[in-house]
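K.L.:
Next comes the structure file target-v7.csv, holding CSV, C-alpha atoms.
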chain,number,residue,atom,x,y,z
A,101,MET,CA,34.4,34.5,-39.2
A,102,ASP,CA,33.9,35.8,-35.7
A,103,PRO,CA,31.9,39.1,-36.0
A,104,LEU,CA,34.3,40.7,-33.5
A,105,GLU,CA,37.3,39.6,-35.6
A,106,GLY,CA,35.7,41.1,-38.7
A,107,GLU,CA,35.1,44.4,-36.9
A,108,ALA,CA,38.7,44.5,-35.7
A,109,SER,CA,40.1,44.0,-39.1
A,110,SER,CA,38.1,46.9,-40.6
A,111,VAL,CA,39.4,49.5,-38.0
A,112,SER,CA,41.6,52.1,-39.7
A,113,VAL,CA,44.4,53.3,-37.4
A,114,GLU,CA,46.3,56.5,-38.5
A,115,TYR,CA,49.5,57.9,-37.1
A,116,GLU,CA,49.0,60.6,-34.5
A,117,PRO,CA,51.5,62.1,-32.1
A,118,VAL,CA,51.1,60.2,-28.9
A,119,SER,CA,53.3,59.5,-25.9
A,120,VAL,CA,55.1,56.1,-26.2
A,121,LYS,CA,55.1,56.0,-22.4
A,122,ASP,CA,51.3,56.4,-22.2
A,123,VAL,CA,50.7,53.8,-24.9
A,124,LEU,CA,53.1,51.3,-23.1
A,125,VAL,CA,51.3,52.0,-19.8
A,126,GLU,CA,48.0,51.2,-21.3
A,127,MET,CA,49.3,48.1,-23.0
A,128,LYS,CA,50.8,46.8,-19.8
A,129,ASP,CA,47.5,47.4,-17.8
A,130,THR,CA,45.5,45.9,-20.7
A,131,ALA,CA,47.6,42.8,-20.9
A,132,GLU,CA,47.3,42.1,-17.1
A,133,LEU,CA,43.5,42.6,-17.3
A,134,LEU,CA,43.2,40.4,-20.4
A,135,ILE,CA,45.0,37.5,-18.5
A,136,ASP,CA,42.7,37.9,-15.6
A,137,LEU,CA,39.5,38.1,-17.6
A,138,SER,CA,40.3,35.3,-20.0
A,139,TYR,CA,41.0,32.7,-17.3
A,140,SER,CA,38.0,33.9,-15.3
A,141,ALA,CA,35.8,33.4,-18.3
A,142,VAL,CA,37.0,29.8,-18.7
A,143,LEU,CA,36.9,28.9,-15.0
A,144,HIS,CA,33.4,30.3,-14.6
A,145,ARG,CA,32.0,29.4,-18.0
A,146,ASN,CA,31.1,33.1,-18.5
A,147,THR,CA,30.4,34.1,-22.1
A,148,ASP,CA,29.9,37.7,-21.1
A,149,LEU,CA,33.4,37.9,-19.7
A,150,ALA,CA,34.7,36.1,-22.8
A,151,GLN,CA,33.1,38.8,-25.0
A,152,GLU,CA,34.8,41.5,-23.0
A,153,VAL,CA,38.1,39.8,-23.6
A,154,LEU,CA,37.6,40.0,-27.4
A,155,LYS,CA,36.6,43.7,-27.1
A,156,LEU,CA,39.7,44.4,-25.1
A,157,GLU,CA,41.8,42.4,-27.5
A,158,GLN,CA,40.6,44.8,-30.3
A,159,ARG,CA,41.8,47.7,-28.2
A,160,MET,CA,45.2,46.1,-27.7
A,161,ASP,CA,45.5,45.7,-31.5
A,162,VAL,CA,45.1,49.5,-31.9
A,163,LEU,CA,47.5,50.2,-29.1
A,164,GLU,CA,50.1,47.9,-30.6
A,165,LEU,CA,49.9,49.6,-34.0
A,166,ARG,CA,50.2,53.1,-32.4
A,167,ALA,CA,53.2,52.0,-30.4
A,168,ARG,CA,54.9,50.6,-33.5
A,169,MET,CA,54.2,53.8,-35.4
A,170,SER,CA,55.6,56.0,-32.6
A,171,LEU,CA,58.7,53.9,-32.3
A,172,MET,CA,59.4,54.0,-36.0
A,173,MET,CA,59.0,57.8,-36.0
A,174,ALA,CA,61.5,58.0,-33.1
A,175,VAL,CA,64.4,56.3,-34.9
A,176,ARG,CA,66.8,58.8,-36.3
A,177,LYS,CA,70.1,57.0,-36.3
A,178,PRO,CA,71.5,53.5,-35.6
A,179,ASP,CA,72.0,54.1,-31.9
A,180,ASP,CA,68.3,54.9,-31.6
A,181,ALA,CA,67.4,51.6,-33.3
A,182,GLU,CA,69.6,49.7,-30.8
A,183,GLU,CA,68.0,51.4,-27.8
A,184,LEU,CA,64.5,51.0,-29.1
A,185,ALA,CA,64.7,47.4,-30.3
A,186,PRO,CA,64.0,45.9,-26.9
A,187,VAL,CA,61.0,48.3,-26.6
A,188,LEU,CA,59.7,46.9,-29.8
A,189,GLY,CA,60.1,43.5,-28.3
A,190,ILE,CA,58.0,44.5,-25.3
A,191,VAL,CA,55.3,45.8,-27.7
A,192,ALA,CA,55.3,42.5,-29.6
A,193,ALA,CA,55.3,40.3,-26.5
A,194,THR,CA,52.4,42.3,-25.0
A,195,GLY,CA,50.5,41.6,-28.3
A,196,GLU,CA,51.2,37.9,-28.0
A,197,ILE,CA,49.7,37.9,-24.5
A,198,SER,CA,46.6,39.6,-25.9
A,199,ASP,CA,46.3,37.0,-28.7
A,200,ALA,CA,46.7,34.2,-26.2
A,201,ALA,CA,44.0,35.7,-23.9
A,202,GLY,CA,41.7,35.9,-27.0
A,203,ASP,CA,42.4,32.2,-27.8
A,204,ILE,CA,41.5,31.3,-24.2
A,205,ALA,CA,38.2,33.3,-24.3
A,206,LYS,CA,37.2,31.5,-27.5
A,207,ILE,CA,37.3,28.2,-25.6
A,208,VAL,CA,34.0,29.4,-24.0
A,209,LEU,CA,32.6,31.3,-27.0
A,210,GLU,CA,33.2,28.4,-29.5
A,211,GLU,CA,32.1,25.8,-26.9
A,212,MET,CA,35.2,23.8,-27.4
A,213,GLY,CA,34.4,21.8,-24.3
A,214,LEU,CA,35.9,21.8,-20.9
A,215,PRO,CA,35.6,19.2,-18.1
A,216,ASP,CA,33.5,20.1,-15.1
A,217,ALA,CA,36.7,19.5,-13.0
A,218,MET,CA,37.9,23.0,-14.1
A,219,ARG,CA,35.3,24.6,-11.9
A,220,ALA,CA,35.4,22.0,-9.2
A,221,ALA,CA,39.1,22.5,-8.8
A,222,LEU,CA,38.8,26.2,-7.8
A,223,PRO,CA,39.5,26.8,-4.1
A,224,GLU,CA,36.4,27.6,-2.2
A,225,ALA,CA,37.9,30.8,-0.9
A,226,ALA,CA,39.0,32.0,-4.3
A,227,GLU,CA,37.9,35.4,-5.4
A,228,THR,CA,35.3,35.6,-8.2
A,229,LEU,CA,35.4,38.0,-11.2
A,230,VAL,CA,32.0,38.9,-12.7
A,231,ARG,CA,30.7,41.4,-15.4
A,232,GLY,CA,27.6,43.5,-14.8
A,233,VAL,CA,25.9,46.4,-16.5
A,234,VAL,CA,25.2,49.3,-14.1
A,235,ASP,CA,21.4,49.8,-13.8
A,236,PRO,CA,20.3,53.4,-13.9
A,237,ASN,CA,18.3,52.9,-10.7
A,238,SER,CA,21.3,51.2,-8.9
A,239,ALA,CA,22.4,52.7,-5.6
A,240,TYR,CA,25.9,52.8,-7.1
A,241,ALA,CA,25.0,54.8,-10.2
A,242,ASP,CA,26.4,58.3,-10.6
A,243,ARG,CA,28.6,58.0,-7.5
A,244,THR,CA,32.3,57.9,-7.1
A,245,LEU,CA,34.1,54.8,-5.8
A,246,VAL,CA,35.2,56.6,-2.7
A,247,ASP,CA,31.6,57.6,-2.0
A,248,ILE,CA,30.4,54.0,-2.5
A,249,ASP,CA,33.3,52.7,-0.4
A,250,LEU,CA,32.6,49.3,-1.9
A,251,GLU,CA,35.9,47.5,-1.0
A,252,SER,CA,35.9,48.5,2.6
A,253,GLU,CA,32.2,47.5,3.1
A,254,THR,CA,32.2,44.3,1.1
A,255,GLY,CA,35.8,43.3,0.0
A,256,VAL,CA,34.6,43.6,-3.7
A,257,ARG,CA,36.7,45.8,-6.0
A,258,VAL,CA,35.8,47.4,-9.3
A,259,ILE,CA,38.9,46.5,-11.4
A,260,ALA,CA,37.8,48.1,-14.7
A,261,LEU,CA,34.9,49.9,-16.3
A,262,ARG,CA,33.9,50.0,-20.0
A,263,ARG,CA,31.9,53.0,-21.1
A,264,GLY,CA,30.9,52.4,-24.7
A,265,ASP,CA,34.3,51.8,-26.5
A,266,ASP,CA,36.3,53.5,-23.8
A,267,TRP,CA,38.0,51.5,-21.1
A,268,LEU,CA,38.8,52.8,-17.6
A,269,LEU,CA,41.5,50.6,-16.3
A,270,ASN,CA,42.5,50.6,-12.6
A,271,PRO,CA,39.7,53.1,-11.6
A,272,GLY,CA,40.6,55.3,-8.7
A,273,PRO,CA,38.7,56.6,-5.7
A,274,GLU,CA,37.4,59.6,-7.7
A,275,THR,CA,36.2,57.5,-10.6
A,276,THR,CA,32.4,57.8,-11.1
A,277,VAL,CA,30.3,54.7,-11.8
A,278,ALA,CA,27.8,55.8,-14.5
A,279,ALA,CA,24.6,54.2,-15.6
A,280,ASP,CA,25.0,51.6,-18.4
A,281,ASP,CA,28.8,51.2,-17.6
A,282,VAL,CA,30.0,47.7,-18.0
A,283,ALA,CA,31.7,47.0,-14.6
A,284,LEU,CA,34.2,44.2,-13.9
A,285,LEU,CA,34.0,43.2,-10.2
A,286,ARG,CA,36.4,41.0,-8.2
A,287,GLY,CA,35.9,39.8,-4.7
A,288,PRO,CA,34.9,37.0,-2.3
A,289,GLU,CA,32.1,34.8,-3.8
A,290,LEU,CA,30.1,35.1,-0.6
A,291,ALA,CA,29.9,38.9,-1.0
A,292,ILE,CA,30.0,39.4,-4.8
A,293,GLY,CA,26.4,38.2,-5.3
A,294,ASP,CA,24.8,41.0,-3.2
A,295,VAL,CA,27.1,43.6,-4.9
A,296,TYR,CA,26.2,42.3,-8.3
A,297,GLU,CA,22.4,42.5,-7.6
A,298,THR,CA,22.7,46.0,-6.2
A,299,LEU,CA,24.7,47.1,-9.3
A,300,THR,CA,22.7,45.5,-12.0
A,301,GLY,CA,19.2,44.8,-10.5
A,302,ASP,CA,19.6,41.2,-11.6
A,303,VAL,CA,19.8,38.0,-9.5
A,304,TYR,CA,23.4,36.6,-9.3
A,305,GLU,CA,23.4,32.9,-10.1
A,306,THR,CA,26.3,30.8,-8.7
A,307,PRO,CA,27.4,28.2,-11.3
A,308,THR,CA,27.1,24.6,-10.0
A,309,VAL,CA,29.1,21.6,-11.3
A,310,ASP,CA,29.6,18.0,-10.6
A,311,ASP,CA,33.1,16.6,-9.9
A,312,PRO,CA,33.6,13.8,-12.4
A,313,GLY,CA,36.1,12.0,-10.1
A,314,ILE,CA,38.7,11.1,-12.8
A,315,GLU,CA,42.0,11.2,-11.0
A,316,ASP,CA,44.2,12.0,-14.0
A,317,LEU,CA,41.8,14.7,-15.1
A,318,GLU,CA,42.0,16.3,-11.6
A,319,ARG,CA,45.8,16.3,-11.8
A,320,ALA,CA,45.7,17.9,-15.3
A,321,VAL,CA,43.3,20.6,-14.0
A,322,ASP,CA,45.4,21.3,-10.9
A,323,THR,CA,48.5,21.6,-13.1
A,324,ILE,CA,46.9,24.0,-15.6
A,325,ILE,CA,45.8,26.3,-12.7
A,326,HIS,CA,49.3,26.2,-11.3
A,327,MET,CA,50.6,27.0,-14.8
A,328,LYS,CA,48.2,30.0,-15.0
A,329,ASN,CA,49.5,31.4,-11.6
A,330,LEU,CA,53.1,31.0,-12.6
A,331,SER,CA,52.6,32.6,-16.0
A,332,GLU,CA,50.8,35.6,-14.4
A,333,LEU,CA,53.8,35.9,-11.9
A,334,ALA,CA,56.2,35.7,-14.8
A,335,VAL,CA,54.6,38.7,-16.6
A,336,ASP,CA,54.7,40.7,-13.4
A,337,LEU,CA,58.3,39.9,-12.9
A,338,ALA,CA,59.2,40.6,-16.5
A,339,TYR,CA,57.8,44.2,-16.3
A,340,SER,CA,59.6,44.7,-13.0
A,341,SER,CA,62.9,43.4,-14.4
A,342,VAL,CA,62.6,46.1,-17.1
A,343,LEU,CA,61.7,48.9,-14.7
A,344,PHE,CA,64.6,48.2,-12.4
A,345,ASP,CA,67.0,46.9,-15.0
A,346,SER,CA,67.3,43.8,-12.8
A,347,ALA,CA,69.1,40.8,-14.2
A,348,LYS,CA,68.1,38.9,-11.1
A,349,LEU,CA,64.4,39.4,-11.7
A,350,ALA,CA,64.8,38.6,-15.4
A,351,GLU,CA,66.6,35.4,-14.4
A,352,GLU,CA,63.6,34.4,-12.2
A,353,VAL,CA,61.3,35.0,-15.3
A,354,ARG,CA,63.5,32.5,-17.1
A,355,ASN,CA,63.2,30.0,-14.2
A,356,LEU,CA,59.4,30.4,-14.2
A,357,GLU,CA,59.3,29.8,-17.9
A,358,ILE,CA,61.3,26.6,-17.5
A,359,GLU,CA,58.9,25.4,-14.8
A,360,VAL,CA,55.9,26.2,-16.9
A,361,ASP,CA,57.4,24.2,-19.8
A,362,ALA,CA,57.9,21.2,-17.4
A,363,LEU,CA,54.3,21.5,-16.1
A,364,GLN,CA,52.9,21.6,-19.6
A,365,SER,CA,54.7,18.3,-20.5
A,366,ARG,CA,53.1,16.7,-17.4
A,367,PHE,CA,49.7,18.4,-18.1
A,368,GLU,CA,49.6,17.0,-21.7
A,369,ALA,CA,50.4,13.5,-20.4
A,370,TRP,CA,47.7,13.5,-17.8
A,371,THR,CA,45.2,15.0,-20.2
A,372,LEU,CA,45.8,12.2,-22.7
A,373,ARG,CA,45.5,9.5,-20.0
A,374,ALA,CA,42.3,11.1,-18.8
A,375,ALA,CA,40.8,10.9,-22.3
A,376,ALA,CA,40.6,7.1,-21.9
A,377,ASP,CA,38.3,7.4,-18.9
A,378,ALA,CA,36.3,10.5,-20.0
A,379,ALA,CA,32.7,9.9,-21.1
A,380,ASP,CA,33.3,12.3,-24.0
A,381,PRO,CA,37.0,12.9,-24.8
A,382,VAL,CA,36.1,15.8,-27.1
A,383,THR,CA,35.3,17.8,-23.9
A,384,LEU,CA,39.1,17.9,-23.3
A,385,ARG,CA,39.7,20.0,-26.4
A,386,GLY,CA,39.4,23.3,-24.6
A,387,LEU,CA,41.7,22.1,-21.9
A,388,ILE,CA,44.4,21.4,-24.4
A,389,ARG,CA,43.9,24.9,-25.9
A,390,LEU,CA,44.2,26.3,-22.4
A,391,GLY,CA,47.5,24.6,-21.9
A,392,SER,CA,49.1,25.8,-25.1
A,393,SER,CA,47.9,29.4,-24.6
A,394,THR,CA,49.2,29.5,-21.1
A,395,GLU,CA,52.6,28.4,-22.3
A,396,VAL,CA,52.5,31.2,-24.9
A,397,ILE,CA,52.0,33.8,-22.1
A,398,SER,CA,55.0,32.5,-20.1
A,399,ASP,CA,57.1,32.7,-23.3
A,400,ALA,CA,56.0,36.3,-23.9
A,401,ALA,CA,57.2,37.2,-20.4
A,402,ILE,CA,60.7,36.0,-21.5
A,403,ASP,CA,60.4,38.3,-24.5
A,404,ILE,CA,59.5,41.3,-22.3
A,405,SER,CA,62.7,40.8,-20.2
A,406,GLU,CA,64.9,39.8,-23.1
A,407,GLY,CA,66.7,43.2,-23.3
A,408,VAL,CA,67.6,42.9,-19.6
A,409,LEU,CA,68.9,39.4,-20.1
A,410,ARG,CA,71.0,40.5,-23.0
A,411,ASP,CA,72.4,43.4,-20.9
A,412,ILE,CA,71.0,46.1,-23.2
A,413,ASP,CA,70.4,49.4,-21.4
A,414,VAL,CA,66.8,50.0,-20.6
A,415,HIS,CA,65.3,52.9,-22.6
A,416,PRO,CA,64.1,55.7,-20.3
A,417,VAL,CA,60.6,55.6,-21.9
A,418,VAL,CA,60.1,52.0,-20.7
A,419,GLN,CA,61.1,52.8,-17.2
A,420,LEU,CA,58.6,55.7,-17.1
A,421,ALA,CA,55.9,53.5,-18.6
A,422,VAL,CA,56.2,50.7,-16.0
A,423,GLN,CA,56.9,53.0,-13.0
A,424,GLU,CA,53.4,54.2,-12.3
A,425,SER,CA,53.4,53.8,-8.5
A,426,ASP,CA,55.8,53.5,-5.5
A,427,GLU,CA,54.9,49.7,-5.3
A,428,LEU,CA,57.6,47.3,-6.6
A,429,ILE,CA,58.4,43.7,-6.8
A,430,THR,CA,61.7,42.5,-5.3
A,431,ARG,CA,63.8,39.3,-5.2
A,432,VAL,CA,65.7,38.5,-2.1
A,433,GLU,CA,67.6,35.3,-1.0
A,434,ILE,CA,67.2,34.3,2.7
A,435,GLU,CA,70.5,33.7,4.5
A,436,SER,CA,70.5,31.0,7.1
A,437,GLY,CA,70.4,32.5,10.6
A,438,SER,CA,68.7,35.7,9.4
A,439,GLU,CA,65.5,37.1,11.0
A,440,LEU,CA,63.4,35.7,8.1
A,441,ASP,CA,64.9,32.2,8.4
A,442,GLY,CA,62.1,30.1,10.1
A,443,THR,CA,59.5,32.9,9.9
A,444,SER,CA,55.9,31.8,9.2
A,445,VAL,CA,53.9,33.3,6.3
A,446,ALA,CA,50.1,33.4,6.4
A,447,ALA,CA,48.3,34.3,3.2
A,448,GLY,CA,51.5,36.1,2.0
A,449,VAL,CA,52.1,38.1,5.1
A,450,PRO,CA,55.3,37.2,6.9
A,451,ASP,CA,55.4,37.3,10.8
A,452,VAL,CA,57.9,40.1,11.0
A,453,GLU,CA,57.8,43.9,11.3
A,454,SER,CA,57.4,44.5,7.6
A,455,THR,CA,54.6,45.6,5.2
A,456,MET,CA,56.0,43.5,2.3
A,457,SER,CA,53.8,40.8,1.0
A,458,VAL,CA,55.4,37.5,-0.2
A,459,ILE,CA,54.0,36.4,-3.6
A,460,ALA,CA,56.1,33.3,-4.2
A,461,ILE,CA,59.0,31.3,-3.0
A,462,ARG,CA,61.5,29.4,-5.1
A,463,ARG,CA,63.0,26.6,-3.1
A,464,PRO,CA,66.1,25.1,-4.7
A,465,ASP,CA,65.1,21.5,-4.0
A,466,GLU,CA,61.3,21.9,-4.4
A,467,GLY,CA,60.7,24.5,-7.1
A,468,TRP,CA,58.1,27.3,-7.0
A,469,LEU,CA,55.6,27.7,-4.1
A,470,LEU,CA,52.8,30.4,-4.5
A,471,VAL,CA,52.0,31.6,-1.0
A,472,THR,CA,49.4,34.4,-1.4
A,473,ASP,CA,46.6,31.9,-0.7
A,474,SER,CA,48.4,29.5,1.6
A,475,ASP,CA,50.7,29.3,4.6
A,476,ALA,CA,54.4,28.5,4.5
A,477,GLU,CA,57.6,28.7,6.6
A,478,LEU,CA,60.6,30.5,5.2
A,479,ARG,CA,63.9,28.8,5.2
A,480,GLY,CA,67.5,29.7,4.6
A,481,GLY,CA,68.3,29.4,0.8
A,482,ASP,CA,64.7,30.4,-0.2
A,483,ILE,CA,64.4,32.9,-3.0
A,484,LEU,CA,61.5,35.3,-2.2
A,485,ILE,CA,59.5,37.3,-4.7
A,486,SER,CA,57.7,40.0,-2.7
A,487,LYS,CA,55.7,43.1,-3.3
A,488,GLY,CA,55.6,46.4,-1.4
A,489,THR,CA,56.9,50.0,-1.2
A,490,ARG,CA,60.5,51.0,-1.9
A,491,THR,CA,61.1,51.8,1.8
A,492,ALA,CA,59.7,48.4,3.0
A,493,ALA,CA,61.7,46.6,0.3
A,494,SER,CA,65.0,48.0,1.6
A,495,GLU,CA,64.1,47.0,5.2
A,496,PHE,CA,62.9,43.5,4.1
A,497,GLU,CA,66.2,42.9,2.3
A,498,ALA,CA,68.0,43.6,5.6
A,499,LEU,CA,65.8,41.1,7.4
A,500,ALA,CA,67.0,38.4,4.9
A,501,GLN,CA,70.6,38.9,5.8
A,502,ALA,CA,72.3,37.0,8.6
Here is a file; write its structure as structure tokens.

P.N.:
Amino acid sequence: MDPLEGEASSVSVEYEPVSVKDVLVEMKDTAELLIDLSYSAVLHRNTDLAQEVLKLEQRMDVLELRARMSLMMAVRKPDDAEELAPVLGIVAATGEISDAAGDIAKIVLEEMGLPDAMRAALPEAAETLVRGVVDPNSAYADRTLVDIDLESETGVRVIALRRGDDWLLNPGPETTVAADDVALLRGPELAIGDVYETLTGDVYETPTVDDPGIEDLERAVDTIIHMKNLSELAVDLAYSSVLFDSAKLAEEVRNLEIEVDALQSRFEAWTLRAAADAADPVTLRGLIRLGSSTEVISDAAIDISEGVLRDIDVHPVVQLAVQESDELITRVEIESGSELDGTSVAAGVPDVESTMSVIAIRRPDEGWLLVTDSDAELRGGDILISKGTRTAASEFEALAQA
């Protein structure tokens, strides 16, 4: 038995009066971080990140139990059960995401085997996620993030801190980085090495791999990375569909899940064909696990938005939980002849007077196109998934109309 699994099973969780909203907020933030950490652990062969995933998975188990207890205590009559049933579904789906992330992390910890093409397939400009322990003598120790001004100076962000067993998710400007904190950093690979060394006092080593040059394997790896990106987008859209009680966003979650299912079918075929040319087919075992776990995440996104799809009123506690900032995700359809028709998009930024960022395009005849790291040209008929403020979203929707 994994020692972390044994530790998790021995934790006693007693009922205590807690805000369901606060628990759901932490579950949502934890699920998003788990997805990020688990894939980064696999893509960078990082056992330290994989261990953090299992620690965070333990935390999610506790949150899930507390949420279930609070929901059971809240039911007084049949109407309460009807309203809270979709909330229970969200709790269960978030737990499924956590379990899938744990399974992904174990690919690294159990040395299941992964082809070197996994690392070789990463875009050179992709951001890197690393884990480091804050050295007491670090220039960053005992200072707030606003004082360090790390992101402005280097482009590197502190996305989470673990202080003992306590997690600080989405740390803000006034968050203090303390000695011995476990810090999770994300940023450009060219800059993250220097930040890591300043933070930890250790030399940052960039992993090097050889590209095996197996065509079917390269296709399989490209497909699994696309599946990962679509599954992450599906989870974002699912939470947003609940927040805004948006059947249109929930329908896009369903469209994404259908696309991931189709990709998984192709992925499995290419992986099996690649096994014939691989020097050691056993190294593909982890790749197969990664494909099945990714599909579980996209299925969980459907479960999160199920209440919206079934036209069940969204319980206010869920809206309060998801709505933590003014930023939102929107879906707009571009009409031919509108100002957005023919507009170019560079790294997600459209060439119009708008602060909205385009995350993805669903093109009826081509499927999904993720545009945050690539360029594209918008066309009439495109369905845009974008992120921005409420004010910007309203103005952006007007730009899409002829």

K.L.:
Neighbouring residues of A:Gly391 were defined as those with any atom within 7 Å, considering all atoms listed in the file; residues of the same chain fewer than 4 positions away were excluded. Please report them as number ranges by chain.

P.N.:
A: 324, 364, 387, 395

K.L.:
Point out the residue among A:Leu245, A:Leu330, A:Val342, A:Leu384 with the least atom-to-atom distance to A:Met212, counting all atoms listed in the file.

P.N.:
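The closest residue to A:Met212 is A:Leu384.
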
K.L.:
Select all residues near (61.4, 45.4, -26.7) (cut-off 12 Å, inclusive, file coordinates), counting only C-alpha atoms, and output them as number ranges by chain.

P.N.:
A: 124, 167-168, 171, 181-195, 338-339, 342, 400-410, 412-415, 417-418

K.L.:
Between atom CA of A:Ile135 and atom CA of A:Ala201, what is the distance in Å, rounded to a tenth?

P.N.:
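Interatomic distance here is 5.8 Å.
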
K.L.:
Between atom CA of A:Lys328 and atom CA of A:Arg166, what is the distance, to one decimal in Å?

P.N.:
29.0 Å
